[in-house]
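Shown next: target18.csv, given as CSV, C-alpha atoms.
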chain,number,residue,atom,x,y,z
A,1,MET,CA,-9.3,-7.1,-25.3
A,2,THR,CA,-5.6,-7.2,-24.5
A,3,PRO,CA,-4.5,-8.5,-21.1
A,4,ALA,CA,-3.3,-5.0,-20.2
A,5,PHE,CA,-6.8,-3.7,-20.7
A,6,ALA,CA,-8.4,-6.6,-18.8
A,7,PHE,CA,-6.0,-5.8,-15.9
A,8,GLU,CA,-7.1,-2.2,-15.8
A,9,ILE,CA,-10.7,-3.2,-15.7
A,10,VAL,CA,-10.1,-5.6,-12.8
A,11,LEU,CA,-8.2,-2.8,-11.0
A,12,ALA,CA,-10.9,-0.2,-11.6
A,13,GLY,CA,-13.7,-2.5,-10.6
A,14,LEU,CA,-11.8,-3.5,-7.4
A,15,LEU,CA,-11.2,0.2,-6.6
A,16,LEU,CA,-14.9,1.0,-6.9
A,17,ALA,CA,-15.9,-2.0,-4.9
A,18,ILE,CA,-13.6,-1.1,-2.1
A,19,ALA,CA,-14.6,2.5,-2.0
A,20,THR,CA,-18.3,1.5,-1.7
A,21,TRP,CA,-17.4,-1.0,1.0
A,22,THR,CA,-15.4,1.5,3.0
A,23,ILE,CA,-18.4,3.8,3.1
A,24,LEU,CA,-20.8,1.0,4.1
A,25,ALA,CA,-18.5,-0.6,6.7
A,26,ARG,CA,-20.0,-0.9,10.1
A,27,ARG,CA,-17.0,-1.0,12.3
A,28,ALA,CA,-14.4,1.8,12.5
A,29,PHE,CA,-11.5,-0.7,12.5
A,30,ALA,CA,-12.7,-2.4,9.3
A,31,ALA,CA,-13.2,0.9,7.6
A,32,VAL,CA,-9.7,2.1,8.4
A,33,VAL,CA,-8.2,-1.2,7.0
A,34,LEU,CA,-10.3,-0.8,3.9
A,35,PHE,CA,-9.2,2.8,3.5
A,36,MET,CA,-5.6,1.6,3.6
A,37,VAL,CA,-6.2,-1.0,1.0
A,38,PHE,CA,-7.8,1.6,-1.2
A,39,GLY,CA,-4.6,3.7,-0.8
A,40,LEU,CA,-2.5,0.8,-1.9
A,41,LEU,CA,-4.6,0.0,-4.9
A,42,LEU,CA,-4.6,3.6,-5.9
A,43,ALA,CA,-0.8,3.5,-5.9
A,44,ILE,CA,-1.0,0.7,-8.5
A,45,VAL,CA,-3.4,2.9,-10.5
A,46,TRP,CA,-0.9,5.7,-10.5
A,47,VAL,CA,1.8,3.3,-11.7
A,48,ASN,CA,-0.5,2.3,-14.5
A,49,LEU,CA,-0.9,6.0,-15.5
A,50,SER,CA,2.9,6.4,-15.7
A,51,ALA,CA,3.0,8.6,-12.6
A,52,VAL,CA,5.6,6.7,-10.6
A,53,ASP,CA,6.5,9.6,-8.3
A,54,VAL,CA,2.8,10.1,-7.4
A,55,ALA,CA,2.6,6.3,-6.8
A,56,LEU,CA,5.5,6.4,-4.3
A,57,THR,CA,3.8,9.3,-2.5
A,58,GLU,CA,0.4,7.6,-2.5
A,59,ALA,CA,1.8,4.3,-1.2
A,60,ALA,CA,3.7,6.1,1.6
A,61,ILE,CA,1.2,8.7,2.6
A,62,GLY,CA,-2.2,7.3,1.6
A,63,GLY,CA,-1.4,3.7,2.4
A,64,GLY,CA,0.7,4.3,5.4
A,65,VAL,CA,0.6,7.6,7.3
A,66,THR,CA,-3.0,8.4,6.8
A,67,SER,CA,-4.1,5.0,7.8
A,68,MET,CA,-2.1,5.1,11.0
A,69,VAL,CA,-3.5,8.6,11.8
A,70,LEU,CA,-7.1,7.3,11.2
A,71,LEU,CA,-6.4,4.3,13.3
A,72,GLY,CA,-5.3,6.5,16.2
A,73,ALA,CA,-8.5,8.5,15.8
A,74,ALA,CA,-10.6,5.3,15.7
A,75,SER,CA,-9.1,3.9,18.8
A,76,ARG,CA,-9.6,7.2,20.6
A,77,LEU,CA,-13.3,7.0,19.8
A,78,ARG,CA,-13.7,3.4,20.8
A,79,GLY,CA,-16.5,2.9,23.3
A,80,SER,CA,-17.7,6.5,23.2
A,81,LYS,CA,-21.0,7.8,21.8
A,82,ALA,CA,-19.3,9.5,18.8
A,83,ALA,CA,-18.1,6.1,17.5
A,84,VAL,CA,-21.5,5.1,16.2
A,85,PRO,CA,-23.2,8.3,14.9
A,86,ARG,CA,-26.9,8.2,14.1
A,87,VAL,CA,-27.7,10.5,11.2
A,88,SER,CA,-31.2,11.1,9.8
A,89,LEU,CA,-32.2,10.0,6.3
A,90,PRO,CA,-32.7,13.5,4.9
A,91,PHE,CA,-29.1,14.3,6.0
A,92,LYS,CA,-27.8,11.3,4.3
A,93,ILE,CA,-29.6,12.1,1.1
A,94,THR,CA,-28.4,15.7,1.1
A,95,ALA,CA,-24.8,14.5,1.7
A,96,GLY,CA,-25.2,12.0,-1.2
A,97,VAL,CA,-26.5,14.6,-3.6
A,98,PHE,CA,-23.7,17.0,-2.6
A,99,CYS,CA,-21.0,14.3,-3.2
A,100,ALA,CA,-22.6,13.4,-6.6
A,101,LEU,CA,-22.4,17.1,-7.6
A,102,VAL,CA,-18.7,17.3,-6.6
A,103,SER,CA,-18.0,14.1,-8.6
A,104,ALA,CA,-19.8,15.4,-11.7
A,105,ALA,CA,-17.8,18.7,-11.5
A,106,LEU,CA,-14.5,16.8,-11.2
A,107,ALA,CA,-15.4,14.6,-14.1
A,108,THR,CA,-16.3,17.6,-16.3
A,109,VAL,CA,-13.0,19.2,-15.5
A,110,VAL,CA,-11.0,16.1,-16.1
A,111,PHE,CA,-12.6,15.3,-19.5
A,112,SER,CA,-12.2,18.9,-20.8
A,113,LEU,CA,-8.5,19.3,-20.0
A,114,PRO,CA,-6.6,20.7,-22.9
A,115,ASP,CA,-4.5,18.3,-24.8
A,116,VAL,CA,-1.3,20.2,-24.3
A,117,ALA,CA,-1.3,21.3,-20.7
A,118,PRO,CA,0.3,24.7,-20.0
A,119,THR,CA,3.4,23.8,-18.1
A,120,LEU,CA,6.9,25.0,-17.2
A,121,ALA,CA,8.3,21.5,-17.5
A,122,PRO,CA,10.4,22.2,-20.6
A,123,MET,CA,12.1,25.1,-18.9
A,124,ALA,CA,12.8,22.9,-15.8
A,125,LYS,CA,14.3,20.3,-18.1
A,126,GLU,CA,16.5,22.8,-19.9
A,127,ASN,CA,18.1,24.1,-16.7
A,128,LEU,CA,18.5,20.6,-15.3
A,129,ALA,CA,22.2,20.6,-15.7
A,130,GLU,CA,22.7,23.6,-13.4
A,131,SER,CA,20.8,22.0,-10.6
A,132,GLY,CA,23.2,19.1,-10.3
A,133,LEU,CA,20.4,16.5,-10.1
A,134,GLY,CA,19.1,14.1,-12.7
A,135,ASN,CA,15.4,14.0,-12.0
A,136,PRO,CA,13.4,17.1,-12.9
A,137,VAL,CA,10.9,16.6,-10.1
A,138,ALA,CA,13.7,16.4,-7.5
A,139,ALA,CA,15.3,19.4,-9.1
A,140,VAL,CA,12.1,21.4,-8.8
A,141,LEU,CA,11.6,20.4,-5.1
A,142,PHE,CA,15.2,20.8,-3.9
A,143,VAL,CA,16.8,23.4,-6.1
A,144,PHE,CA,14.4,25.6,-8.1
A,145,ARG,CA,11.7,25.9,-5.5
A,146,ALA,CA,13.8,25.1,-2.4
A,147,LEU,CA,12.4,27.9,-0.3
A,148,ASP,CA,8.9,26.6,-1.0
A,149,THR,CA,9.8,23.2,0.4
A,150,LEU,CA,11.5,24.7,3.4
A,151,LEU,CA,8.6,27.0,4.2
A,152,GLU,CA,6.2,24.1,4.0
A,153,LYS,CA,8.1,22.4,6.8
A,154,VAL,CA,8.0,25.6,8.9
A,155,VAL,CA,4.2,25.9,8.4
A,156,LEU,CA,3.8,22.3,9.5
A,157,LEU,CA,5.9,22.9,12.6
A,158,LEU,CA,4.0,26.0,13.5
A,159,ALA,CA,0.7,24.2,13.1
A,160,LEU,CA,1.9,21.4,15.4
A,161,VAL,CA,3.1,23.8,18.0
A,162,GLY,CA,-0.2,25.6,17.8
A,163,VAL,CA,-2.3,22.5,18.2
A,164,TRP,CA,-0.2,21.4,21.2
A,165,SER,CA,-0.5,24.7,22.9
A,166,LEU,CA,-4.2,25.1,22.3
A,167,ALA,CA,-5.4,21.6,23.2
A,168,SER,CA,-5.8,20.6,26.9
A,169,ASP,CA,-3.1,18.5,28.4
A,170,ARG,CA,-5.6,15.8,29.2
A,171,ALA,CA,-6.3,15.2,25.5
A,172,TRP,CA,-2.6,14.3,24.9
A,173,ASN,CA,-2.2,12.1,28.0
A,174,GLY,CA,0.0,14.7,29.7
A,175,VAL,CA,2.4,17.4,28.8
A,176,PRO,CA,4.0,16.8,25.4
A,177,ALA,CA,7.5,15.5,26.1
A,178,LEU,CA,9.9,12.9,24.8
A,179,ARG,CA,8.4,9.5,25.2
A,180,VAL,CA,10.7,6.9,26.8
A,181,TYR,CA,10.0,3.2,26.3
A,182,GLU,CA,11.0,1.1,29.3
A,183,SER,CA,11.8,-2.1,27.5
A,184,PRO,CA,11.6,-1.7,23.7
A,185,SER,CA,10.4,-4.9,22.0
A,186,ARG,CA,13.4,-6.3,20.3
A,187,ILE,CA,11.4,-7.5,17.4
A,188,LEU,CA,10.1,-4.0,16.7
A,189,VAL,CA,13.6,-2.6,17.0
A,190,PHE,CA,14.9,-5.1,14.5
A,191,LEU,CA,12.0,-4.2,12.2
A,192,ALA,CA,12.7,-0.5,12.5
A,193,THR,CA,16.4,-0.9,11.8
A,194,THR,CA,15.9,-3.0,8.6
A,195,ARG,CA,13.2,-0.6,7.5
A,196,PHE,CA,15.4,2.4,8.0
A,197,ALA,CA,18.2,0.8,6.1
A,198,THR,CA,16.0,-0.1,3.2
A,199,ALA,CA,14.2,3.2,3.2
A,200,ALA,CA,17.5,4.9,2.6
A,201,LEU,CA,17.8,3.0,-0.7
A,202,PRO,CA,15.0,4.8,-2.6
A,203,ALA,CA,16.0,8.1,-1.2
A,204,LEU,CA,19.5,7.7,-2.6
A,205,ALA,CA,18.4,6.0,-5.8
A,206,GLY,CA,15.6,8.4,-6.5
A,207,SER,CA,17.5,11.5,-7.3
A,208,PRO,CA,19.5,10.5,-10.4
A,209,ALA,CA,17.0,8.4,-12.2
A,210,PRO,CA,14.8,10.2,-14.7
A,211,ARG,CA,11.4,8.6,-14.6
A,212,HIS,CA,9.4,10.3,-17.3
A,213,SER,CA,10.8,8.6,-20.4
A,214,GLN,CA,9.4,5.9,-22.6
A,215,TYR,CA,6.5,4.2,-20.8
A,216,PRO,CA,5.1,1.4,-23.0
A,217,PHE,CA,1.6,1.5,-21.7
A,218,SER,CA,-0.2,3.5,-24.4
A,219,ARG,CA,-2.1,6.2,-22.6
A,220,ALA,CA,-4.7,8.2,-24.4
A,221,VAL,CA,-6.2,10.6,-21.8
A,222,PRO,CA,-9.4,12.1,-23.4
Q,17,MET,CA,17.8,-19.7,-25.7
Q,18,ARG,CA,15.2,-17.0,-25.5
Q,19,LEU,CA,12.4,-19.5,-25.8
Q,20,ALA,CA,13.8,-21.6,-23.0
Q,21,LEU,CA,14.0,-18.6,-20.7
Q,22,ASP,CA,10.5,-17.6,-21.6
Q,23,ILE,CA,9.2,-21.1,-20.9
Q,24,LEU,CA,11.1,-21.0,-17.5
Q,25,THR,CA,9.4,-17.6,-16.7
Q,26,VAL,CA,5.9,-19.0,-17.6
Q,27,VAL,CA,6.4,-22.1,-15.5
Q,28,LEU,CA,7.8,-20.3,-12.4
Q,29,VAL,CA,5.3,-17.4,-12.5
Q,30,SER,CA,2.4,-19.8,-12.9
Q,31,ALA,CA,3.7,-21.8,-9.9
Q,32,GLY,CA,3.9,-18.6,-7.9
Q,33,GLY,CA,0.4,-17.7,-8.9
Q,34,PHE,CA,-0.8,-21.1,-7.8
Q,35,PHE,CA,0.7,-20.5,-4.3
Q,36,PHE,CA,-1.0,-17.1,-4.2
Q,37,MET,CA,-4.2,-18.9,-4.9
Q,38,ALA,CA,-3.5,-21.6,-2.3
Q,39,GLY,CA,-2.7,-19.0,0.3
Q,40,THR,CA,-5.8,-16.9,-0.4
Q,41,ILE,CA,-8.0,-20.0,-0.3
Q,42,GLY,CA,-6.3,-21.0,3.0
Q,43,LEU,CA,-7.0,-17.5,4.4
Q,44,LEU,CA,-10.6,-17.8,3.5
Q,45,ARG,CA,-11.3,-21.4,4.4
Q,46,PHE,CA,-9.2,-22.3,7.4
Q,47,PRO,CA,-11.0,-22.4,10.7
Q,48,ASP,CA,-8.7,-20.6,13.0
Q,49,THR,CA,-6.5,-17.5,13.2
Q,50,LEU,CA,-3.3,-19.5,13.6
Q,51,THR,CA,-4.0,-21.8,10.7
Q,52,ARG,CA,-4.8,-18.9,8.5
Q,53,LEU,CA,-1.5,-17.4,9.5
Q,54,HIS,CA,0.2,-20.6,8.4
Q,55,ALA,CA,-1.5,-20.3,5.0
Q,56,LEU,CA,-0.4,-16.7,4.6
Q,57,THR,CA,3.3,-17.4,5.1
Q,58,LYS,CA,3.2,-19.7,2.1
Q,59,VAL,CA,2.2,-16.7,0.0
Q,60,ASP,CA,5.0,-14.5,1.3
Q,61,ASN,CA,7.7,-17.1,0.8
Q,62,LEU,CA,6.8,-19.3,-2.0
Q,63,GLY,CA,4.3,-17.3,-4.0
Q,64,LEU,CA,6.4,-14.1,-4.2
Q,65,GLY,CA,9.6,-16.1,-4.4
Q,66,LEU,CA,8.6,-18.1,-7.4
Q,67,ILE,CA,7.3,-15.1,-9.2
Q,68,VAL,CA,10.6,-13.3,-8.5
Q,69,PHE,CA,12.6,-16.2,-9.8
Q,70,GLY,CA,10.3,-16.3,-12.8
Q,71,LEU,CA,11.0,-12.7,-13.5
Q,72,LEU,CA,14.7,-12.9,-13.2
Q,73,PRO,CA,15.3,-14.2,-16.8
Q,74,GLN,CA,13.3,-11.3,-18.1
Q,75,VAL,CA,15.0,-8.3,-16.5
Q,76,GLU,CA,17.4,-6.1,-18.5
Q,77,SER,CA,20.3,-5.6,-16.2
Q,78,ARG,CA,21.8,-7.5,-13.3
Q,79,LEU,CA,21.1,-4.7,-10.9
Q,80,ASP,CA,17.4,-5.0,-11.5
Q,81,GLY,CA,17.6,-8.7,-10.8
Q,82,LEU,CA,19.4,-8.0,-7.6
Q,83,LYS,CA,16.6,-5.5,-6.7
Q,84,LEU,CA,14.0,-8.1,-7.3
Q,85,VAL,CA,15.6,-10.6,-5.0
Q,86,ALA,CA,16.2,-7.9,-2.4
Q,87,ILE,CA,12.5,-7.0,-2.4
Q,88,TRP,CA,11.5,-10.6,-2.0
Q,89,LEU,CA,13.8,-11.0,1.0
Q,90,LEU,CA,12.4,-7.8,2.5
Q,91,VAL,CA,8.8,-9.0,2.2
Q,92,GLN,CA,9.8,-12.4,3.7
Q,93,ILE,CA,11.4,-10.8,6.7
Q,94,SER,CA,8.4,-8.5,7.2
Q,95,GLY,CA,6.0,-11.4,6.9
Q,96,ALA,CA,8.0,-13.4,9.4
Q,97,ILE,CA,8.0,-10.5,11.9
Q,98,VAL,CA,4.3,-9.8,11.5
Q,99,SER,CA,3.5,-13.5,11.8
Q,100,GLN,CA,5.5,-13.8,15.0
Q,101,LEU,CA,3.7,-10.7,16.5
Q,102,ILE,CA,0.3,-11.9,15.5
Q,103,ALA,CA,1.0,-15.4,16.9
Q,104,GLN,CA,2.3,-13.9,20.2
Q,105,ALA,CA,-0.8,-11.7,20.6
Q,106,THR,CA,-3.2,-14.5,19.7
Q,107,ARG,CA,-1.5,-16.9,22.1
Q,108,ARG,CA,-1.7,-14.4,24.9
Q,109,SER,CA,-5.4,-14.1,24.7
Q,110,GLY,CA,-6.1,-17.8,23.9
Q,111,PRO,CA,-6.9,-19.2,20.5
Q,112,ARG,CA,-10.5,-19.3,19.3
Q,113,THR,CA,-11.9,-22.5,18.0
K,3,MET,CA,0.7,-15.1,-26.6
K,4,THR,CA,3.8,-13.1,-26.0
K,5,ILE,CA,5.6,-13.0,-22.7
K,6,THR,CA,4.3,-9.5,-22.0
K,7,SER,CA,0.7,-10.4,-22.2
K,8,PHE,CA,1.3,-13.5,-20.0
K,9,LEU,CA,2.9,-11.3,-17.4
K,10,PHE,CA,-0.1,-8.9,-17.5
K,11,THR,CA,-2.5,-11.8,-17.1
K,12,ALA,CA,-0.5,-13.0,-14.2
K,13,ALA,CA,-0.7,-9.6,-12.6
K,14,GLY,CA,-4.5,-9.6,-13.1
K,15,PHE,CA,-4.7,-13.0,-11.5
K,16,VAL,CA,-2.8,-12.0,-8.4
K,17,LEU,CA,-5.0,-8.9,-8.1
K,18,LEU,CA,-8.0,-11.1,-8.2
K,19,MET,CA,-6.5,-13.3,-5.4
K,20,VAL,CA,-5.9,-10.1,-3.4
K,21,ALA,CA,-9.6,-9.1,-3.9
K,22,LEU,CA,-10.7,-12.5,-2.7
K,23,GLY,CA,-8.5,-12.2,0.4
K,24,LEU,CA,-10.4,-9.0,1.3
K,25,ALA,CA,-13.4,-11.1,2.2
K,26,ARG,CA,-11.5,-12.0,5.4
K,27,ILE,CA,-11.6,-8.3,6.4
K,28,LEU,CA,-15.4,-8.5,6.2
K,29,ARG,CA,-15.8,-11.8,8.0
K,30,GLY,CA,-12.7,-12.1,10.2
K,31,PRO,CA,-14.0,-12.6,13.7
K,32,THR,CA,-10.9,-11.2,15.3
K,33,HIS,CA,-8.8,-8.2,14.5
K,34,ALA,CA,-5.8,-10.5,13.9
K,35,ASP,CA,-7.6,-11.9,10.8
K,36,ARG,CA,-8.0,-8.4,9.4
K,37,ILE,CA,-4.3,-7.7,10.0
K,38,LEU,CA,-3.6,-11.0,8.1
K,39,SER,CA,-5.5,-9.6,5.1
K,40,VAL,CA,-3.4,-6.4,5.2
K,41,GLN,CA,-0.3,-8.6,5.0
K,42,LEU,CA,-1.7,-10.5,2.1
K,43,ILE,CA,-2.5,-7.3,0.3
K,44,GLY,CA,1.0,-6.1,0.9
K,45,SER,CA,2.6,-9.2,-0.6
K,46,GLY,CA,0.1,-9.3,-3.4
K,47,GLY,CA,0.5,-5.7,-4.2
K,48,VAL,CA,4.3,-6.2,-4.4
K,49,ALA,CA,3.9,-9.1,-6.7
K,50,VAL,CA,1.5,-7.2,-9.0
K,51,LEU,CA,3.9,-4.2,-9.2
K,52,LEU,CA,6.9,-6.4,-9.9
K,53,LEU,CA,5.1,-8.2,-12.7
K,54,LEU,CA,4.0,-4.8,-14.1
K,55,SER,CA,7.5,-3.5,-13.9
K,56,VAL,CA,9.0,-6.4,-15.9
K,57,ALA,CA,6.0,-6.5,-18.3
K,58,ALA,CA,6.4,-2.8,-19.2
K,59,LYS,CA,10.2,-2.9,-19.0
K,60,PHE,CA,10.1,0.0,-16.7
K,61,PRO,CA,12.4,-0.6,-13.7
K,62,PRO,CA,11.4,2.4,-11.5
K,63,ILE,CA,8.2,0.6,-10.6
K,64,MET,CA,10.3,-1.7,-8.4
K,65,ASP,CA,10.9,1.3,-6.1
K,66,VAL,CA,7.2,1.6,-5.7
K,67,ALA,CA,7.0,-2.1,-4.9
K,68,LEU,CA,9.7,-1.6,-2.3
K,69,MET,CA,7.8,1.2,-0.7
K,70,LEU,CA,4.6,-0.8,-0.7
K,71,GLY,CA,6.4,-3.7,1.1
K,72,LEU,CA,7.7,-1.4,3.8
K,73,LEU,CA,4.4,0.4,4.3
K,74,ALA,CA,2.3,-2.7,4.5
K,75,THR,CA,4.5,-4.0,7.3
K,76,PHE,CA,4.4,-0.8,9.2
K,77,VAL,CA,0.6,-0.5,9.0
K,78,SER,CA,0.2,-4.2,10.1
K,79,VAL,CA,2.4,-3.5,13.1
K,80,ALA,CA,0.4,-0.3,13.9
K,81,PHE,CA,-2.9,-2.2,13.7
K,82,LEU,CA,-1.4,-4.9,15.8
K,83,GLY,CA,-0.2,-2.5,18.5
K,84,ASP,CA,-3.6,-0.8,18.6
K,85,ALA,CA,-5.6,-4.0,18.7
K,86,ALA,CA,-3.4,-5.4,21.5
K,87,ASP,CA,-4.1,-2.2,23.6
K,88,SER,CA,-7.8,-2.9,23.7
K,89,SER,CA,-7.8,-6.3,25.4
K,90,SER,CA,-11.0,-7.5,23.9
K,91,ALA,CA,-9.8,-7.2,20.4
K,92,PHE,CA,-8.2,-10.6,20.0
K,93,THR,CA,-10.9,-12.6,21.7
K,94,GLY,CA,-13.9,-11.7,19.6
K,95,THR,CA,-15.8,-9.0,17.8
K,96,THR,CA,-16.0,-5.6,19.2
K,97,GLU,CA,-19.5,-4.4,18.7
K,98,ASP,CA,-19.0,-1.0,20.3
K,99,GLN,CA,-17.2,0.4,17.3
Turn the structure described in the file into structure tokens.
Amino acid sequence: MTPAFAFEIVLAGLLLAIATWTILARRAFAAVVLFMVFGLLLAIVWVNLSAVDVALTEAAIGGGVTSMVLLGAASRLRGSKAAVPRVSLPFKITAGVFCALVSAALATVVFSLPDVAPTLAPMAKENLAESGLGNPVAAVLFVFRALDTLLEKVVLLLALVGVWSLASDRAWNGVPALRVYESPSRILVFLATTRFATAALPALAGSPAPRHSQYPFSRAVP
Amino acid sequence: MRLALDILTVVLVSAGGFFFMAGTIGLLRFPDTLTRLHALTKVDNLGLGLIVFGLLPQVESRLDGLKLVAIWLLVQISGAIVSQLIAQATRRSGPRT
Amino acid sequence: MTITSFLFTAAGFVLLMVALGLARILRGPTHADRILSVQLIGSGGVAVLLLLSVAAKFPPIMDVALMLGLLATFVSVAFLGDAADSSSAFTGTTEDQ
């Protein structure tokens, strides 16, 4: 048992424990915090599987944005009837069986993946020089499938405008408008400035560095 | 030379791990929010700092070493800010015994 | 024991410390304690990733560590702001959730 293997076992066990704990947590706040921890641990798992780009996304979105959205939802529900739902036992059993079936289906698919996945990655790598970027993933996102990325943003914007239009003003605490803070807390402003400066670093450093080369963790995906 | 650097790494990373353990035990065992906050700041500063300094002899290029130190400074600043905010909010509503 | 396996062992150790710190989320009487655990996980996660990065000689992992450090702080501040809004959050348990 090499230390690398032992590390993975600790990580996997921790992940399972936290997932179970998140489901069983009594309070919404604790559950959201646990979900965020789950996201952060999952980022470490992605790193272990040599998917550094996925790890970055997971840390940012799973660990950060989703947690904050869930927190907003939990605070909305605070004190209302919907916060502590009472579901019957047959309902819980049905939900459990359904989840088990989905997990079994996913496991079957993952274990029966072909060894050489059909992919266009070699073609992307060949044309990398034309795109002007060093990282194949960045090249795909910003050059080869640039329209795709742009249209995703348009779709998100349309969805946001639609939700704003269809929901009642009361649900949003008034008409959606620019929010002005009377006296912004200076600590938070300092935090935001330093964060913004450091966030620019990965954005600038990300494009040229190719990430998919020699990763010494020996991976044998069955 | 290589051996001396490796020994330095082992010593510093172990010391960092010790402070991580101390901070975690403090978080679990101290009686009050503010005291637990005090334990946590040791983790941010000393735990991570010693680990970073232990890793410095092992990195390949100087830029990576600079990145390590920068990450440590960032976590320190973040820890300091969050600690101040937590202490402010706890003081406003009165500390629990 | 090579330096690489030592670094992996250290990473596993820090991960265990982070796991222990999670108990504070379960027991923490106030919201502030849970936010402290989040900060610990942020620092611990950064330490684990930095150790992994040097152990595997794969520098891009440090960028993930940077992102993790940033995000843990943001989420801590978000939790803090939300908990401060509900005035009862810092003085005791909130059973209505």
So how many Å separate CA of Ala107 (chain A) and CA of Ser55 (chain K), to one decimal?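 Pair CA of Ala107 (chain A) / CA of Ser55 (chain K) returns 29.2 Å.
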Mind checking which residues fall within 12 Å of Leu79 (chain Q), counting only C-alpha atoms, ignoring those fewer than 6 positions away in the same chain, and posting them as a JSON list (two decimals) with C-alpha atoms, keeping the file's coordinate frame?
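So selection.json came out as:
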[["chain", "number", "residue", "atom", "x", "y", "z"],
["Q", 72, "LEU", "CA", 14.70, -12.90, -13.20],
["Q", 85, "VAL", "CA", 15.60, -10.60, -5.00],
["Q", 86, "ALA", "CA", 16.20, -7.90, -2.40],
["K", 61, "PRO", "CA", 12.40, -0.60, -13.70],
["K", 64, "MET", "CA", 10.30, -1.70, -8.40]]
Find the residue from Q:Thr40, Q:Ser77, Q:Gln100, Q:Asn61 that sits nearest to chain K; use all atoms listed in the file when measuring.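 The answer is Q:Thr40, which sits nearest to chain K.
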Per-residue nearest contacts of region 23-92 of chain Q to region 23-36 of chain K (8 Å; only C-alpha atoms) as CSV:
residue,atom,partner,partner_atom,distance
Q:Thr40,CA,K:Gly23,CA,5.5
Q:Ile41,CA,K:Gly23,CA,7.8
Q:Leu43,CA,K:Gly23,CA,6.8
Q:Leu44,CA,K:Arg26,CA,6.2
Q:Thr49,CA,K:Asp35,CA,6.2
Q:Arg52,CA,K:Asp35,CA,7.9
Restrict the distance test to only C-alpha atoms, flag each residue of chain K within 8 Å of chain A, and return the flagged residues as a PyMOL selection string. chain K and resi 7-8+10-11+13-14+17-18+21+27-28+36+40+43+47+51+58-60+62-63+65-66+69-70+72-74+76-77+80-81+84+97-99
With 8 Å as the cut-off and all atoms listed in the file counted, what is the closest atom pair between each nearby residue of chain Q and chain K? Distances in Å to one decimal, ordered by chain and number, as a tab-separated table.
residue	atom	partner	partner_atom	distance
Q:Asp22	CA	K:Ile5	CA	6.8
Q:Val26	CA	K:Phe8	CA	7.6
Q:Val29	CA	K:Ala12	CA	7.5
Q:Ser30	CA	K:Ala12	CA	7.5
Q:Gly33	CA	K:Val16	CA	6.6
Q:Phe36	CA	K:Met19	CA	6.8
Q:Met37	CA	K:Met19	CA	6.1
Q:Thr40	CA	K:Gly23	CA	5.5
Q:Ile41	CA	K:Gly23	CA	7.8
Q:Leu43	CA	K:Gly23	CA	6.8
Q:Leu44	CA	K:Arg26	CA	6.2
Q:Thr49	CA	K:Asp35	CA	6.2
Q:Arg52	CA	K:Asp35	CA	7.9
Q:Leu53	CA	K:Leu38	CA	6.9
Q:Leu56	CA	K:Leu42	CA	6.8
Q:Val59	CA	K:Ser45	CA	7.5
Q:Asp60	CA	K:Ser45	CA	6.1
Q:Leu64	CA	K:Ala49	CA	6.1
Q:Ile67	CA	K:Ala49	CA	7.3
Q:Val68	CA	K:Leu52	CA	8.0
Q:Leu71	CA	K:Val56	CA	7.0
Q:Gln74	CA	K:Val56	CA	6.9
Q:Val75	CA	K:Val56	CA	6.3
Q:Glu76	CA	K:Lys59	CA	7.9
Q:Asp80	CA	K:Pro61	CA	7.0
Q:Lys83	CA	K:Met64	CA	7.6
Q:Leu84	CA	K:Met64	CA	7.5
Q:Ile87	CA	K:Leu68	CA	6.1
Q:Leu90	CA	K:Gly71	CA	7.4
Q:Val91	CA	K:Gly71	CA	5.9
Q:Ser94	CA	K:Thr75	CA	6.0
Q:Gly95	CA	K:Gln41	CA	7.2
Q:Val98	CA	K:Val79	CA	6.8
Q:Leu101	CA	K:Leu82	CA	7.8
Q:Ile102	CA	K:Ala34	CA	6.5
Q:Ala105	CA	K:Ala86	CA	6.9
Q:Thr106	CA	K:Phe92	CA	6.3
Q:Ser109	CA	K:Thr93	CA	6.4
Q:Gly110	CA	K:Thr93	CA	7.4
Q:Pro111	CA	K:Thr93	CA	7.8
Q:Arg112	CA	K:Thr93	CA	7.1
